[in-house]
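Containing mmCIF, C-alpha atoms: final_29.cif.
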```
data_my_file
#
loop_
_atom_site.label_atom_id
_atom_site.label_comp_id
_atom_site.auth_asym_id
_atom_site.auth_seq_id
_atom_site.Cartn_x
_atom_site.Cartn_y
_atom_site.Cartn_z
CA MET I 1 99.02 92.25 65.53
CA ILE I 2 101.71 91.08 67.93
CA LYS I 3 105.05 90.91 66.16
CA LYS I 4 106.99 89.45 69.07
CA ILE I 5 106.29 88.36 72.63
CA THR I 6 108.74 87.82 75.45
CA TYR I 7 109.78 84.30 76.29
CA ALA I 8 108.43 84.57 79.83
CA SER I 9 105.05 85.64 78.46
CA ALA I 10 104.95 82.69 76.10
CA MET I 11 105.65 80.29 78.98
CA LEU I 12 102.98 81.82 81.20
CA LEU I 13 100.44 81.78 78.41
CA ALA I 14 101.19 78.11 77.83
CA ALA I 15 100.53 77.46 81.50
CA SER I 16 97.19 79.27 81.49
CA ALA I 17 96.10 77.53 78.30
CA SER I 18 97.19 74.03 79.18
CA PHE I 19 93.65 72.91 79.97
CA SER I 20 92.07 74.47 76.90
CA ALA I 21 90.54 72.33 74.22
CA SER I 22 93.35 73.15 71.84
CA ALA I 23 96.16 72.20 74.22
CA ALA I 24 98.17 69.27 72.89
CA PRO I 25 98.41 66.20 75.14
CA LYS I 26 101.78 65.49 76.66
CA THR I 27 101.57 61.87 75.53
CA THR I 28 99.07 60.11 73.35
CA ALA I 29 98.81 57.34 75.94
CA SER I 30 97.91 59.45 78.95
CA LYS I 31 95.66 61.92 77.13
CA CYS I 32 96.56 64.40 79.87
CA PRO I 33 96.62 68.11 79.01
CA ALA I 34 100.11 69.47 78.44
CA THR I 35 102.05 70.75 81.40
CA MET I 36 104.19 73.82 81.01
CA ASP I 37 107.28 73.18 78.93
CA VAL I 38 109.42 73.41 82.04
CA ASP I 39 112.47 71.68 80.56
CA SER I 40 113.24 74.61 78.27
CA VAL I 41 112.64 77.35 80.84
CA GLU I 42 115.73 79.30 81.82
CA ILE I 43 115.05 80.87 85.21
CA ARG I 44 116.83 84.19 85.36
CA ASP I 45 116.01 85.48 88.84
CA GLY I 46 113.75 85.21 91.86
CA GLN I 47 110.97 87.32 90.36
CA GLN I 48 110.63 85.05 87.34
CA LEU I 49 110.84 81.95 89.55
CA MET I 50 107.99 83.19 91.76
CA ILE I 51 105.83 83.84 88.70
CA LEU I 52 106.57 80.46 87.14
CA THR I 53 106.00 78.49 90.36
CA LYS I 54 102.65 80.24 90.87
CA ALA I 55 101.65 79.35 87.31
CA ALA I 56 102.81 75.76 87.86
CA LEU I 57 100.73 75.36 91.01
CA GLU I 58 97.67 76.79 89.28
CA ASN I 59 98.28 74.31 86.47
CA TYR I 60 98.58 71.49 89.02
CA GLU I 61 95.41 72.67 90.75
CA MET I 62 93.52 72.39 87.48
CA ALA I 63 94.68 68.77 87.21
CA VAL I 64 93.29 68.05 90.68
CA ALA I 65 90.01 69.73 89.72
CA LYS I 66 89.49 68.25 86.27
CA ASP I 67 91.51 65.12 85.65
CA ALA I 68 92.65 63.17 88.71
CA LYS I 69 94.62 60.60 86.69
CA CYS I 70 97.01 63.35 85.57
CA VAL I 71 97.82 64.60 89.08
CA SER I 72 100.90 62.44 89.69
CA MET I 73 102.39 63.44 86.33
CA TYR I 74 102.01 67.11 87.14
CA ARG I 75 103.39 66.64 90.63
CA GLU I 76 106.54 64.90 89.44
CA THR I 77 107.11 67.36 86.58
CA TYR I 78 106.88 70.47 88.75
CA ARG I 79 108.70 69.09 91.77
CA ALA I 80 111.64 68.02 89.60
CA LYS I 81 111.92 71.45 87.98
CA TYR I 82 111.12 73.92 90.72
CA LEU I 83 112.21 72.42 94.06
CA PRO I 84 115.94 72.63 93.13
CA GLU I 85 115.42 76.19 91.87
CA LEU I 86 113.67 77.23 95.09
CA LYS I 87 116.55 75.78 97.12
CA LYS I 88 119.01 77.98 95.19
CA LEU I 89 117.33 81.25 96.17
CA ASP I 90 119.27 81.86 99.41
CA THR I 91 122.65 81.61 97.69
CA GLY I 92 121.58 82.90 94.29
CA THR I 93 119.94 86.17 95.33
CA SER I 94 122.29 89.15 95.30
CA GLU I 95 120.01 91.54 97.21
CA PRO I 96 121.49 92.15 100.70
CA LEU I 97 118.16 92.58 102.51
CA VAL I 98 116.50 89.25 101.78
CA LYS I 99 114.92 88.28 105.10
CA LEU I 100 112.72 85.47 103.85
CA LYS I 101 114.65 82.23 103.39
CA THR I 102 113.73 79.33 101.17
CA ALA I 103 112.30 77.05 103.89
CA PRO I 104 108.81 78.67 103.90
CA LEU I 105 108.74 78.66 100.09
CA LEU I 106 109.74 75.00 99.89
CA ALA I 107 107.23 73.99 102.55
CA ALA I 108 104.38 75.92 100.94
CA PHE I 109 105.21 74.58 97.47
CA GLU I 110 105.29 70.98 98.69
CA ASN I 111 102.17 71.51 100.77
CA ALA I 112 100.14 72.45 97.69
CA MET I 113 101.08 69.19 95.97
CA GLN I 114 100.40 66.64 98.67
CA PRO I 115 98.65 63.52 97.31
CA ASP I 116 94.97 62.80 97.93
CA VAL I 117 94.04 66.38 98.83
CA GLU I 118 90.62 67.54 97.67
CA ILE I 119 90.35 70.50 95.33
CA LYS I 120 89.00 72.98 97.87
CA GLU I 121 91.99 72.31 100.13
CA THR I 122 94.40 72.40 97.17
CA ASN I 123 93.03 75.83 96.24
CA SER I 124 93.64 77.18 99.75
CA ARG I 125 97.18 75.75 99.72
CA VAL I 126 97.91 77.43 96.39
CA ASP I 127 96.67 80.67 97.97
CA ALA I 128 99.07 80.06 100.85
CA TYR I 129 101.98 79.67 98.43
CA TYR I 130 100.99 82.96 96.78
CA ALA I 131 101.24 84.68 100.16
CA VAL I 132 104.74 83.34 100.82
CA ALA I 133 105.94 84.02 97.26
CA ASN I 134 104.60 87.57 97.38
CA ALA I 135 106.37 88.13 100.70
CA TYR I 136 109.60 87.03 99.03
CA LEU I 137 109.09 89.46 96.14
CA GLU I 138 108.27 92.36 98.44
CA THR I 139 111.47 91.73 100.40
CA ALA I 140 113.92 90.66 97.70
CA MET I 141 112.72 92.71 94.76
CA PRO I 142 110.77 95.74 95.96
CA GLY I 143 109.29 97.86 93.19
CA LYS I 144 107.91 101.35 92.66
CA TRP I 145 104.33 100.27 92.02
CA LYS I 146 101.63 102.11 93.96
CA VAL I 147 98.60 100.10 95.07
CA ALA I 148 95.16 101.52 95.83
CA GLU I 149 91.68 100.12 96.44
CA ASP I 150 88.33 101.62 95.51
CA ASN I 151 85.14 100.31 97.15
CA ASP I 152 81.77 100.65 95.39
CA GLU I 153 79.33 99.94 98.22
CA MET I 154 76.27 100.41 96.00
CA ARG I 155 77.32 97.69 93.53
CA GLY I 156 79.22 95.50 95.97
CA GLU I 157 82.44 95.79 93.95
CA LYS I 158 86.03 96.43 94.88
CA THR I 159 88.63 97.67 92.38
CA TYR I 160 92.36 97.17 92.85
CA LEU I 161 94.60 99.68 91.09
CA TYR I 162 98.33 99.23 90.49
CA THR I 163 100.12 102.24 88.97
CA LEU I 164 103.70 102.91 87.89
CA GLU I 165 104.99 106.29 86.68
CA SER I 166 107.64 106.67 84.00
CA GLU I 167 111.20 107.63 84.90
CA ASP I 168 111.22 110.40 82.29
CA VAL I 169 109.07 113.23 80.97
CA ALA I 170 108.17 114.10 77.37
CA LYS I 171 108.65 117.75 76.40
CA LEU I 172 105.66 118.75 74.26
CA SER I 173 104.95 121.54 71.79
CA PRO I 174 102.58 124.39 72.81
CA PRO I 175 99.87 124.60 74.01
CA TYR I 176 101.06 121.59 76.01
CA LYS I 177 104.10 121.50 78.29
CA GLU I 178 105.36 118.14 79.44
CA ALA I 179 103.87 114.72 80.09
CA LYS I 180 104.69 111.77 82.28
CA ALA I 181 103.29 108.36 81.42
CA THR I 182 101.69 105.86 83.76
CA ILE I 183 101.05 102.13 83.44
CA LEU I 184 97.75 101.20 85.11
CA VAL I 185 96.82 97.61 85.96
CA MET I 186 93.31 97.05 87.30
CA GLN I 187 91.41 94.13 88.83
CA LYS I 188 87.83 93.92 90.05
CA GLU I 189 86.39 91.80 92.84
CA LYS I 190 82.71 91.01 93.32
CA GLU I 191 81.18 88.31 95.52
CA GLY I 192 84.62 86.88 96.15
CA VAL I 193 85.47 86.55 92.44
CA ILE I 194 88.64 88.39 91.32
CA SER I 195 88.90 89.22 87.61
CA ASP I 196 91.83 88.91 85.25
CA PRO I 197 94.05 92.02 85.29
CA LYS I 198 93.38 94.72 82.68
CA ILE I 199 96.11 97.11 81.57
CA MET I 200 96.19 100.57 80.06
CA TYR I 201 98.69 103.39 79.53
CA TYR I 202 97.99 107.09 79.99
CA VAL I 203 99.83 110.40 79.90
CA SER I 204 99.45 113.46 82.11
CA ASP I 205 99.28 116.06 79.31
CA GLY I 206 99.03 116.34 75.54
CA GLN I 207 97.03 114.03 73.30
CA LEU I 208 97.79 110.58 71.97
CA THR I 209 96.91 109.88 68.37
CA LEU I 210 96.09 106.75 66.36
CA PRO I 211 94.12 106.06 63.16
CA VAL I 212 90.36 106.13 63.72
CA GLU I 213 90.13 102.35 63.34
CA GLY I 214 92.86 101.85 65.94
CA GLY I 215 96.56 101.10 65.80
CA GLU I 216 99.41 99.66 67.82
CA ILE I 217 102.07 100.70 70.28
CA ALA I 218 105.54 99.22 70.68
CA ALA I 219 107.25 98.07 73.87
CA LYS I 220 110.55 96.50 74.88
CA TYR I 221 111.15 94.57 78.11
CA ASP I 222 114.57 93.89 79.62
CA ASP I 223 116.78 92.58 76.80
CA ASP I 224 113.98 90.97 74.81
CA GLY I 225 112.84 92.03 71.36
CA ILE I 226 110.05 94.46 70.52
CA SER I 227 106.45 93.60 71.40
CA ARG I 228 103.48 95.28 69.73
CA TYR I 229 99.92 95.58 71.03
CA ASN I 230 96.91 96.55 68.96
CA GLY I 231 94.50 98.90 70.66
CA LYS I 232 92.73 102.23 70.66
CA ILE I 233 92.53 105.59 72.38
CA CYS I 234 90.17 104.91 75.28
CA SER I 235 89.49 108.23 77.02
CA ASP I 236 87.61 111.38 76.03
CA ASP I 237 90.71 113.54 76.55
CA ASN I 238 92.77 111.32 74.20
CA ARG I 239 95.37 110.61 76.87
CA SER I 240 94.86 106.86 77.36
CA PHE I 241 95.68 103.79 75.26
CA CYS I 242 94.04 100.40 75.88
CA PRO I 243 94.93 97.08 74.22
CA ASP I 244 91.64 96.15 72.57
CA LEU I 245 91.50 92.34 72.68
CA ALA I 246 91.87 89.89 75.55
CA ILE I 247 94.99 88.40 73.96
CA TYR I 248 96.75 91.79 73.78
CA GLN I 249 95.68 92.55 77.35
CA LEU I 250 97.14 89.23 78.49
CA PHE I 251 100.47 89.64 76.72
CA ALA I 252 100.88 93.26 77.83
CA TYR I 253 100.18 92.33 81.46
CA LEU I 254 102.47 89.28 81.46
CA ASP I 255 105.28 91.24 79.81
CA VAL I 256 105.09 93.94 82.49
CA ARG I 257 104.77 91.46 85.35
CA SER I 258 107.77 89.34 84.34
CA SER I 259 110.21 92.19 83.56
CA HIS I 260 112.48 94.55 85.49
CA LYS I 261 112.54 97.42 83.02
CA ALA I 262 110.49 98.51 80.05
CA ILE I 263 110.41 101.04 77.24
CA ILE I 264 106.88 101.95 76.17
CA GLU I 265 106.52 104.00 72.97
CA LEU I 266 103.44 106.23 72.87
CA PRO I 267 102.39 108.36 69.84
CA PHE I 268 101.67 112.04 70.56
CA TYR I 269 99.68 114.41 68.38
CA ILE I 270 102.14 116.90 66.75
CA ASP I 271 105.23 115.64 68.60
CA GLY I 272 105.15 112.04 67.38
CA ARG I 273 106.39 108.99 69.25
CA TYR I 274 108.07 109.23 72.64
CA GLN I 275 109.84 106.33 74.36
CA TYR I 276 109.06 106.22 78.08
CA HIS I 277 111.25 104.25 80.48
CA PHE I 278 109.84 102.29 83.44
CA LYS I 279 111.34 100.23 86.26
CA THR I 280 108.77 97.45 86.28
CA THR I 281 110.19 95.19 88.99
CA GLY I 282 107.82 93.96 91.68
CA LEU I 283 104.28 94.07 90.31
CA ILE I 284 102.19 91.88 92.64
CA THR I 285 98.51 91.53 91.74
CA ARG I 286 95.72 89.48 93.32
CA ARG I 287 95.27 85.90 92.25
CA THR I 288 92.55 85.59 89.61
CA THR I 289 89.69 83.28 90.61
CA PRO I 290 90.25 79.93 88.79
CA ASP I 291 87.72 79.11 86.06
CA TYR I 292 86.46 75.95 87.76
CA LEU I 293 85.72 77.88 90.98
CA LEU I 294 84.07 80.64 88.98
CA GLN I 295 81.75 78.09 87.38
CA LYS I 296 80.81 76.68 90.79
CA LYS I 297 80.08 80.15 92.17
CA GLN I 298 77.81 80.87 89.19
CA GLU I 299 75.99 77.57 89.69
CA ASN I 300 75.48 78.32 93.38
CA ARG I 301 74.07 81.79 92.59
CA LYS I 302 71.71 80.26 90.01
CA PHE I 303 70.50 77.67 92.57
CA ILE I 304 69.89 80.39 95.17
CA ASN I 305 68.01 82.58 92.69
CA GLU I 306 65.79 79.67 91.69
#
```

Take the structure in the file and give it back as structure tokens.
Amino acid sequence: MIKKITYASAMLLAASASFSASAAPKTTASKCPATMDVDSVEIRDGQQLMILTKAALENYEMAVAKDAKCVSMYRETYRAKYLPELKKLDTGTSEPLVKLKTAPLLAAFENAMQPDVEIKETNSRVDAYYAVANAYLETAMPGKWKVAEDNDEMRGEKTYLYTLESEDVAKLSPPYKEAKATILVMQKEKEGVISDPKIMYYVSDGQLTLPVEGGEIAAKYDDDGISRYNGKICSDDNRSFCPDLAIYQLFAYLDVRSSHKAIIELPFYIDGRYQYHFKTTGLITRRTTPDYLLQKKQENRKFINE
């Protein structure tokens, strides 16, 4: 089980779950689903701000799609929290090569939350903010992630692969030599629908070992405490570890996406645990298709098939 999660992950999970049946209403009078707990968020840098503003706009978009009476509450909450923070970016960013100023970010953020905009248009405006925010990240906080695409023409699927190699190498006992580790994040796209990211960890040599029924690995991000993810060995050569439930996948992905450095501890056969170091800054994945749009796409396919 998860022993500890990072604060950023908890905030992002709260944003994604705010329209779930279990989400507590912000007030008993409004009966509106809870917004993110923005008042207690301490924004540490531009990377975290971009992640949180994206999550906020997705949260706002859900209000437009599902509960119009809550829209003004969401708009005021997010504008009050994030507009001042976006305005600070020019003076608050220490990187010398920041070419993108705050004006495009501010304009795109405000544009997504204009009143009386229908949901289809709101969705496209949220996409537009993603593009500007990602441009900021690529300029201000470039990372070492490698991005590749794989097209499956037969099945009409596209797979996006984001990989990051460890900074260090484990020296292994014979017959093995040495092993680097890689974090792999994967998304699939089919018929315009982009899936939630999936994450796994693999090594270049040796064998990972866990109890037959599965086990857990430990990780540490930035200066946060230790996180633990349950999972299993997920390759025939015993070199890959996959978190085995959606909740572990979500936390592992959010932890990596919101951090600048990580230590991932992987258990080797014979040699025991090795702590790999990663510079995780700058992971930029595709925007997952919102649930309400996914439902509409499924309904349209059903109508066409009938």

| Straight-line distance linking CA of Met200 in chain I with CA of His260 in chain I, stated in Å to one decimal |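 Computing the Euclidean distance for CA of Met200 in chain I and CA of His260 in chain I yields 18.2 Å.
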
| said: Selection in question (the file shown): the PyMOL selection byres ((chain I and resi 288) around 12). Which residues does it include, as an NGL selection string? | reply: :I and (16 or 54-55 or 58 or 123 or 126-127 or 130 or 186-190 or 192-198 or 284-287 or 289-294)

Next, write the just-selected residues to a file, as a compact mmCIF listing (two decimals), keeping the file's coordinate frame, keeping C-alpha atoms as the atom set.
```
# COMPACT_ATOMS: atom_id res chain seq x y z
CA SER I 16 97.19 79.27 81.49
CA LYS I 54 102.65 80.24 90.87
CA ALA I 55 101.65 79.35 87.31
CA GLU I 58 97.67 76.79 89.28
CA ASN I 123 93.03 75.83 96.24
CA VAL I 126 97.91 77.43 96.39
CA ASP I 127 96.67 80.67 97.97
CA TYR I 130 100.99 82.96 96.78
CA MET I 186 93.31 97.05 87.30
CA GLN I 187 91.41 94.13 88.83
CA LYS I 188 87.83 93.92 90.05
CA GLU I 189 86.39 91.80 92.84
CA LYS I 190 82.71 91.01 93.32
CA GLY I 192 84.62 86.88 96.15
CA VAL I 193 85.47 86.55 92.44
CA ILE I 194 88.64 88.39 91.32
CA SER I 195 88.90 89.22 87.61
CA ASP I 196 91.83 88.91 85.25
CA PRO I 197 94.05 92.02 85.29
CA LYS I 198 93.38 94.72 82.68
CA ILE I 284 102.19 91.88 92.64
CA THR I 285 98.51 91.53 91.74
CA ARG I 286 95.72 89.48 93.32
CA ARG I 287 95.27 85.90 92.25
CA THR I 289 89.69 83.28 90.61
CA PRO I 290 90.25 79.93 88.79
CA ASP I 291 87.72 79.11 86.06
CA TYR I 292 86.46 75.95 87.76
CA LEU I 293 85.72 77.88 90.98
CA LEU I 294 84.07 80.64 88.98
```

| request: For the point (106.3, 71.7, 93.4) in the file's frame, write as a list in words all residues with an atom no more than 10 Å away, counting all atoms listed in the file. | output: Thr53, Lys54, Ala56, Leu57, Tyr60, Tyr74, Arg75, Glu76, Thr77, Tyr78, Arg79, Ala80, Lys81, Tyr82, Leu83, Pro84, Leu86, Leu105, Leu106, Ala107, Ala108, Phe109, Glu110, Asn111, Ala112, Met113 and Gln114 of chain I

| said: Need to verify the contact set: Ile264 in chain I, 9 Å, only C-alpha atoms, exclusion of same-chain residues closer than 5 positions in sequence. Can you return it as a PyMOL selection string? | reply: chain I and resi 201+217-221+274-278

Take the selection from the previous step and output its residues with C-alpha atoms, as a short mmCIF file (atom, residue, chain, number, x, y, z; two decimals), in the frame of the given file.
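Final output, result-v8.cif:
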```
data_model
loop_
_atom_site.label_atom_id
_atom_site.label_comp_id
_atom_site.auth_asym_id
_atom_site.auth_seq_id
_atom_site.Cartn_x
_atom_site.Cartn_y
_atom_site.Cartn_z
CA TYR I 201 98.69 103.39 79.53
CA ILE I 217 102.07 100.70 70.28
CA ALA I 218 105.54 99.22 70.68
CA ALA I 219 107.25 98.07 73.87
CA LYS I 220 110.55 96.50 74.88
CA TYR I 221 111.15 94.57 78.11
CA TYR I 274 108.07 109.23 72.64
CA GLN I 275 109.84 106.33 74.36
CA TYR I 276 109.06 106.22 78.08
CA HIS I 277 111.25 104.25 80.48
CA PHE I 278 109.84 102.29 83.44
#
```

With all atoms listed in the file counted and 12 Å as the cut-off, give the residues of range 133-205 of chain I in contact with range 230-237 of chain I, each with its shortest interatomic distance in Å and the pair that gives it, as JSON lines.
```
{"residue": "I:Ile199", "atom": "CA", "partner": "I:Gly231", "partner_atom": "CA", "distance": 11.2}
{"residue": "I:Met200", "atom": "CA", "partner": "I:Cys234", "partner_atom": "CA", "distance": 8.8}
{"residue": "I:Tyr201", "atom": "CA", "partner": "I:Cys234", "partner_atom": "CA", "distance": 9.6}
{"residue": "I:Tyr202", "atom": "CA", "partner": "I:Ser235", "partner_atom": "CA", "distance": 9.1}
{"residue": "I:Val203", "atom": "CA", "partner": "I:Asp237", "partner_atom": "CA", "distance": 10.2}
{"residue": "I:Ser204", "atom": "CA", "partner": "I:Asp237", "partner_atom": "CA", "distance": 10.4}
{"residue": "I:Asp205", "atom": "CA", "partner": "I:Asp237", "partner_atom": "CA", "distance": 9.3}
```

| Expressed in Å to a single decimal, how great is the separation between CA of Glu149 in chain I and CA of Tyr162 in chain I? | 9.0 Å

| field | Pairwise distance for CA of Ile119 in chain I and CA of Asn134 in chain I, rounded to one decimal in Å | value |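 That distance, rounded to one decimal, is 22.3 Å.
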
| query | Which residues fall under the PyMOL selection byres ((chain I and resi 118) around 12) in this file, as a PyMOL selection string? | reply | chain I and resi 61-66+68+71+112-117+119-125

| What does the PyMOL selection byres ((chain I and resi 144) around 10) select in this file, as a ChimeraX atom specification? | /I:142-143,145-147,163-165,278-283

Just write the chosen residues, C-alpha atoms, as a PDB file, in the frame of the given file.
```pdb
ATOM      1  CA  PRO I 142     110.770  95.740  95.960  1.00  0.00           C
ATOM      2  CA  GLY I 143     109.290  97.860  93.190  1.00  0.00           C
ATOM      3  CA  TRP I 145     104.330 100.270  92.020  1.00  0.00           C
ATOM      4  CA  LYS I 146     101.630 102.110  93.960  1.00  0.00           C
ATOM      5  CA  VAL I 147      98.600 100.100  95.070  1.00  0.00           C
ATOM      6  CA  THR I 163     100.120 102.240  88.970  1.00  0.00           C
ATOM      7  CA  LEU I 164     103.700 102.910  87.890  1.00  0.00           C
ATOM      8  CA  GLU I 165     104.990 106.290  86.680  1.00  0.00           C
ATOM      9  CA  PHE I 278     109.840 102.290  83.440  1.00  0.00           C
ATOM     10  CA  LYS I 279     111.340 100.230  86.260  1.00  0.00           C
ATOM     11  CA  THR I 280     108.770  97.450  86.280  1.00  0.00           C
ATOM     12  CA  THR I 281     110.190  95.190  88.990  1.00  0.00           C
ATOM     13  CA  GLY I 282     107.820  93.960  91.680  1.00  0.00           C
ATOM     14  CA  LEU I 283     104.280  94.070  90.310  1.00  0.00           C
TER      15      LEU I 283
END
```

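Of the residues under consideration (I:Pro211, I:Asp223, I:Gln47, I:Ala181), I:Gln47 shows the shortest atom-to-atom contact distance to Glu138 in chain I when counting all atoms listed in the file.
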
How big is the axis-aligned box around all listed atoms of range 283-288 of chain I once 3 Å goes on each side, and where's its centre, in Å to one decimal, as lines of an AutoDock Vina configuration file?
```
center_x = 98.4
center_y = 89.8
center_z = 91.5
size_x = 17.7
size_y = 14.5
size_z = 9.7
```

| Which is closer to Thr209 in chain I than all the others in I:Leu266, I:Ile247, I:Ala170, I:Leu254, using all atoms listed in the file? |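 Ranked by minimum distance to Thr209 in chain I, first place goes to I:Leu266.
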
| message | Counting all atoms listed in the file, which residue out of I:Met141, I:Val132, I:Leu89, I:Ala246 sits closest to Ile43 in chain I? | response |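 Between I:Met141, I:Val132, I:Leu89, I:Ala246, the residue approaching Ile43 in chain I most closely is I:Leu89.
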
| With distances taken over all atoms listed in the file, which of I:Arg273, I:Ser173, I:Thr182, I:Lys158 is nearest to Glu216 in chain I? |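 When distances to Glu216 in chain I are compared using all atoms listed in the file, the smallest one comes from I:Arg273.
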
| task | Have a look at I:Met154, I:Leu161, I:Leu49, I:Ile226 and name the one nearest to Leu137 in chain I; count only C-alpha atoms. | result |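 Checking each of I:Met154, I:Leu161, I:Leu49, I:Ile226 against Leu137 in chain I, counting only C-alpha atoms, the winner is I:Leu49.
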
| message | Using only C-alpha atoms, which protein or nucleic acid residues come within 9 Å of Tyr253 in chain I? Drop anything in the same chain fewer than 3 positions from it, and give the result as a ChimeraX atom specification. | response | /I:9,185,197-199,248-250,256-258
